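Shown next: target_28.pdb, given as PDB, C-alpha atoms, pLDDT in the B column.
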ATOM      1  CA  MET A   1     174.282  77.332-112.267  1.00 77.00           C
ATOM      2  CA  ARG A   2     175.901  76.013-109.119  1.00 78.00           C
ATOM      3  CA  ALA A   3     176.359  79.582-107.876  1.00 79.00           C
ATOM      4  CA  ALA A   4     172.604  80.061-108.338  1.00 77.00           C
ATOM      5  CA  GLY A   5     171.930  77.062-106.088  1.00 81.00           C
ATOM      6  CA  TYR A   6     171.275  74.373-108.686  1.00 80.00           C
ATOM      7  CA  ALA A   7     172.663  70.853-108.351  1.00 83.00           C
ATOM      8  CA  VAL A   8     174.805  70.300-111.438  1.00 84.00           C
ATOM      9  CA  ARG A   9     176.326  67.031-112.567  1.00 86.00           C
ATOM     10  CA  ILE A  10     178.851  66.849-115.375  1.00 86.00           C
ATOM     11  CA  LEU A  11     178.719  63.602-117.276  1.00 85.00           C
ATOM     12  CA  ALA A  12     182.492  63.192-117.581  1.00 85.00           C
ATOM     13  CA  ASP A  13     182.886  63.702-113.820  1.00 89.00           C
ATOM     14  CA  GLU A  14     180.150  61.206-112.976  1.00 86.00           C
ATOM     15  CA  LEU A  15     180.727  58.425-115.511  1.00 84.00           C
ATOM     16  CA  GLY A  16     184.008  59.188-117.235  1.00 84.00           C
ATOM     17  CA  SER A  17     184.823  60.981-120.437  1.00 86.00           C
ATOM     18  CA  GLY A  18     183.749  59.288-123.633  1.00 85.00           C
ATOM     19  CA  THR A  19     181.046  57.097-122.093  1.00 85.00           C
ATOM     20  CA  PRO A  20     178.800  55.975-124.975  1.00 83.00           C
ATOM     21  CA  ASP A  21     175.256  57.351-125.032  1.00 79.00           C
ATOM     22  CA  PRO A  22     173.565  53.952-124.613  1.00 79.00           C
ATOM     23  CA  GLU A  23     175.542  53.476-121.367  1.00 83.00           C
ATOM     24  CA  TRP A  24     175.125  56.863-119.675  1.00 83.00           C
ATOM     25  CA  LEU A  25     171.589  57.701-120.728  1.00 83.00           C
ATOM     26  CA  PRO A  26     169.857  54.953-118.693  1.00 83.00           C
ATOM     27  CA  VAL A  27     171.936  55.962-115.654  1.00 86.00           C
ATOM     28  CA  ALA A  28     170.954  59.614-116.076  1.00 87.00           C
ATOM     29  CA  ILE A  29     167.272  58.723-116.418  1.00 84.00           C
ATOM     30  CA  GLU A  30     167.379  56.389-113.404  1.00 87.00           C
ATOM     31  CA  ARG A  31     168.895  59.214-111.354  1.00 88.00           C
ATOM     32  CA  GLN A  32     166.176  61.560-112.669  1.00 87.00           C
ATOM     33  CA  TRP A  33     168.688  63.970-114.155  1.00 89.00           C
ATOM     34  CA  VAL A  34     167.525  66.671-116.513  1.00 92.00           C
ATOM     35  CA  LEU A  35     169.781  66.619-119.561  1.00 90.00           C
ATOM     36  CA  ILE A  36     171.317  69.856-120.803  1.00 90.00           C
ATOM     37  CA  THR A  37     173.608  69.481-123.783  1.00 86.00           C
ATOM     38  CA  LYS A  38     175.164  71.365-126.645  1.00 85.00           C
ATOM     39  CA  ASP A  39     175.267  68.147-128.662  1.00 75.00           C
ATOM     40  CA  ASP A  40     172.994  69.206-131.515  1.00 70.00           C
ATOM     41  CA  ARG A  41     172.928  65.799-133.218  1.00 71.00           C
ATOM     42  CA  TRP A  42     170.014  64.786-130.989  1.00 67.00           C
ATOM     43  CA  ARG A  43     167.815  67.156-132.994  1.00 65.00           C
ATOM     44  CA  TYR A  44     168.783  65.878-136.422  1.00 70.00           C
ATOM     45  CA  ARG A  45     169.629  62.198-136.150  1.00 75.00           C
ATOM     46  CA  SER A  46     166.583  60.019-135.758  1.00 80.00           C
ATOM     47  CA  GLU A  47     168.471  57.252-133.944  1.00 78.00           C
ATOM     48  CA  GLU A  48     169.817  59.579-131.232  1.00 76.00           C
ATOM     49  CA  LYS A  49     166.439  61.278-130.876  1.00 83.00           C
ATOM     50  CA  GLN A  50     164.780  57.881-130.419  1.00 85.00           C
ATOM     51  CA  ILE A  51     167.276  57.013-127.663  1.00 81.00           C
ATOM     52  CA  LEU A  52     166.105  60.067-125.710  1.00 84.00           C
ATOM     53  CA  ILE A  53     162.450  59.293-126.340  1.00 88.00           C
ATOM     54  CA  ARG A  54     162.707  55.607-125.411  1.00 86.00           C
ATOM     55  CA  ALA A  55     164.649  56.521-122.259  1.00 85.00           C
ATOM     56  CA  ASN A  56     161.843  58.898-121.213  1.00 89.00           C
ATOM     57  CA  ALA A  57     164.380  61.731-121.038  1.00 91.00           C
ATOM     58  CA  ARG A  58     163.726  65.334-120.084  1.00 94.00           C
ATOM     59  CA  SER A  59     166.252  67.090-122.261  1.00 93.00           C
ATOM     60  CA  PHE A  60     167.308  70.578-123.268  1.00 94.00           C
ATOM     61  CA  ILE A  61     169.627  71.201-126.202  1.00 91.00           C
ATOM     62  CA  PHE A  62     171.530  74.458-126.545  1.00 91.00           C
ATOM     63  CA  VAL A  63     171.538  75.267-130.255  1.00 89.00           C
ATOM     64  CA  SER A  64     174.182  77.885-131.063  1.00 85.00           C
ATOM     65  CA  LYS A  65     177.280  76.467-132.712  1.00 80.00           C
ATOM     66  CA  SER A  66     179.318  79.662-132.350  1.00 87.00           C
ATOM     67  CA  ALA A  67     178.453  80.665-128.762  1.00 90.00           C
ATOM     68  CA  LYS A  68     181.267  80.905-126.251  1.00 91.00           C
ATOM     69  CA  ARG A  69     181.139  79.239-122.845  1.00 88.00           C
ATOM     70  CA  ASP A  70     180.065  82.424-121.016  1.00 91.00           C
ATOM     71  CA  GLU A  71     177.338  83.085-123.596  1.00 93.00           C
ATOM     72  CA  ILE A  72     176.023  79.549-123.158  1.00 91.00           C
ATOM     73  CA  ALA A  73     175.997  79.946-119.377  1.00 89.00           C
ATOM     74  CA  ASP A  74     174.157  83.282-119.652  1.00 93.00           C
ATOM     75  CA  ALA A  75     171.579  81.824-122.029  1.00 94.00           C
ATOM     76  CA  ILE A  76     170.942  78.852-119.752  1.00 93.00           C
ATOM     77  CA  MET A  77     170.627  81.089-116.682  1.00 93.00           C
ATOM     78  CA  THR A  78     168.120  83.253-118.580  1.00 95.00           C
ATOM     79  CA  ALA A  79     166.247  80.125-119.655  1.00 96.00           C
ATOM     80  CA  LEU A  80     166.098  78.503-116.191  1.00 94.00           C
ATOM     81  CA  PRO A  81     162.660  79.858-115.187  1.00 94.00           C
ATOM     82  CA  LYS A  82     161.213  78.682-118.516  1.00 96.00           C
ATOM     83  CA  MET A  83     162.957  75.332-118.121  1.00 95.00           C
ATOM     84  CA  ALA A  84     161.533  74.936-114.597  1.00 93.00           C
ATOM     85  CA  ALA A  85     158.035  75.748-115.853  1.00 95.00           C
ATOM     86  CA  LEU A  86     158.400  73.191-118.633  1.00 96.00           C
ATOM     87  CA  LEU A  87     159.648  70.546-116.206  1.00 94.00           C
ATOM     88  CA  ALA A  88     156.585  71.183-114.027  1.00 95.00           C
ATOM     89  CA  THR A  89     154.073  70.937-116.876  1.00 96.00           C
ATOM     90  CA  GLN A  90     155.478  68.771-119.682  1.00 95.00           C
ATOM     91  CA  PRO A  91     155.501  65.021-119.104  1.00 94.00           C
ATOM     92  CA  ALA A  92     158.578  63.077-120.153  1.00 93.00           C
ATOM     93  CA  PRO A  93     159.853  62.381-122.661  1.00 94.00           C
ATOM     94  CA  PHE A  94     160.507  65.767-124.148  1.00 94.00           C
ATOM     95  CA  ILE A  95     163.242  67.521-126.071  1.00 92.00           C
ATOM     96  CA  ALA A  96     163.449  71.312-125.939  1.00 94.00           C
ATOM     97  CA  ARG A  97     165.939  73.695-127.414  1.00 94.00           C
ATOM     98  CA  ILE A  98     167.528  76.660-125.705  1.00 95.00           C
ATOM     99  CA  LEU A  99     168.386  79.572-127.961  1.00 94.00           C
ATOM    100  CA  LEU A 100     171.134  82.110-127.349  1.00 93.00           C
ATOM    101  CA  ALA A 101     168.565  84.705-126.224  1.00 94.00           C
ATOM    102  CA  GLY A 102     167.459  82.302-123.479  1.00 95.00           C
ATOM    103  CA  SER A 103     164.155  81.278-125.029  1.00 96.00           C
ATOM    104  CA  VAL A 104     163.011  77.670-124.717  1.00 97.00           C
ATOM    105  CA  GLU A 105     161.029  75.799-127.359  1.00 95.00           C
ATOM    106  CA  VAL A 106     159.753  72.224-127.217  1.00 95.00           C
ATOM    107  CA  ILE A 107     160.720  70.324-130.357  1.00 91.00           C
ATOM    108  CA  TYR A 108     159.450  66.915-129.202  1.00 92.00           C
ATOM    109  CA  PRO A 109     156.670  66.174-128.865  1.00 93.00           C
ATOM    110  CA  ALA A 110     155.593  68.546-131.587  1.00 83.00           C
ATOM    111  CA  ALA A 111     153.430  71.402-130.330  1.00 68.00           C
ATOM    112  CA  LYS A 112     149.759  71.278-131.171  1.00 63.00           C
ATOM    113  CA  THR A 113     148.616  73.841-133.699  1.00 51.00           C
ATOM    114  CA  GLY A 114     148.591  77.275-132.139  1.00 52.00           C
ATOM    115  CA  GLU A 115     151.013  76.448-129.285  1.00 50.00           C
ATOM    116  CA  ARG A 116     154.516  77.885-129.013  1.00 50.00           C
ATOM    117  CA  GLY A 117     157.289  77.756-126.444  1.00 49.00           C
ATOM    118  CA  GLY A 118     158.682  80.947-124.944  1.00 53.00           C
TER     119      GLY A 118
END
Encoded form using structure tokens:
Amino acid sequence: MRAAGYAVRILADELGSGTPDPEWLPVAIERQWVLITKDDRWRYRSEEKQILIRANARSFIFVSKSAKRDEIADAIMTALPKMAALLATQPAPFIARILLAGSVEVIYPAAKTGERGG
């Protein structure tokens, strides 16, 4: 992503490894960072999901457990135009997932009937 001209921040580099979510999330939101994570628990655990929502986060979750680092990078690079379009049109908070094929789907807030991500 850096090679493509995007400003990338790595949480461990910025705030230290192992920083608890309630500590780093407000900092990330204050700095207007877009969150990209492979931490899938945000999708399934109500408490973690509510942290993102209450923090007004703009977040993308990569959802393949078996993908290798290069595959994740390729999927995110493929997804970047869709992510940029979503950032321009979807008010915060939102949670979207990135699939291995590079598609992006909003999972919060739930899409209205007949709407789908791409």
As JSON, what would the box around range 32-38 of chain A look like: edges along x, y and z, 5 Å added on every side, centre and edge lengths in Å to one decimal?
{"center_x": 170.7, "center_y": 66.5, "center_z": -119.7, "size_x": 19.0, "size_y": 19.8, "size_z": 24.0}
Practice task
Evaluate the PyMOL selection byres ((chain A and resi 63) around 9) here and jot the selected residues down as a PyMOL selection string.
Solution key: chain A and resi 37-40+61-62+64-65+67+97-100
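The spacing separating CA of Ala101 in chain A from CA of Ile72 in chain A amounts to 9.6 Å.
Those residues returned by the PyMOL selection byres ((chain A and resi 57) around 8) for this file are Ile29, Val34, Leu35, Leu52, Ile53, Arg54, Ala55, Asn56, Arg58, Ser59, Ala92, Pro93, Phe94 and Ile95 of chain A.
When CA of Pro91 in chain A is paired with CA of Glu48 in chain A, their separation reads 19.5 Å.
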Completion exercise
Across A:Ala88, A:Val106, A:Leu11, A:Leu80, the smallest distance to Ala28 in chain A, with all atoms listed in the file counted, is shown by A:Leu11
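CA of Ser103 in chain A is found 12.5 Å from CA of Ala84 in chain A.
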Handout entry: Result set, the PyMOL selection byres ((chain A and resi 1) around 10) on current file, as an MDAnalysis selection string
Key = chainID A and resid 2:8 73:74 76:77 80
Exercise for the section: Write out as a PyMOL selection string which residues come within 6 Å of Gly102 in chain A when counting only C-alpha atoms, dropping same-chain ones fewer than 6 positions away. Expected result: chain A and resi 75+78-79
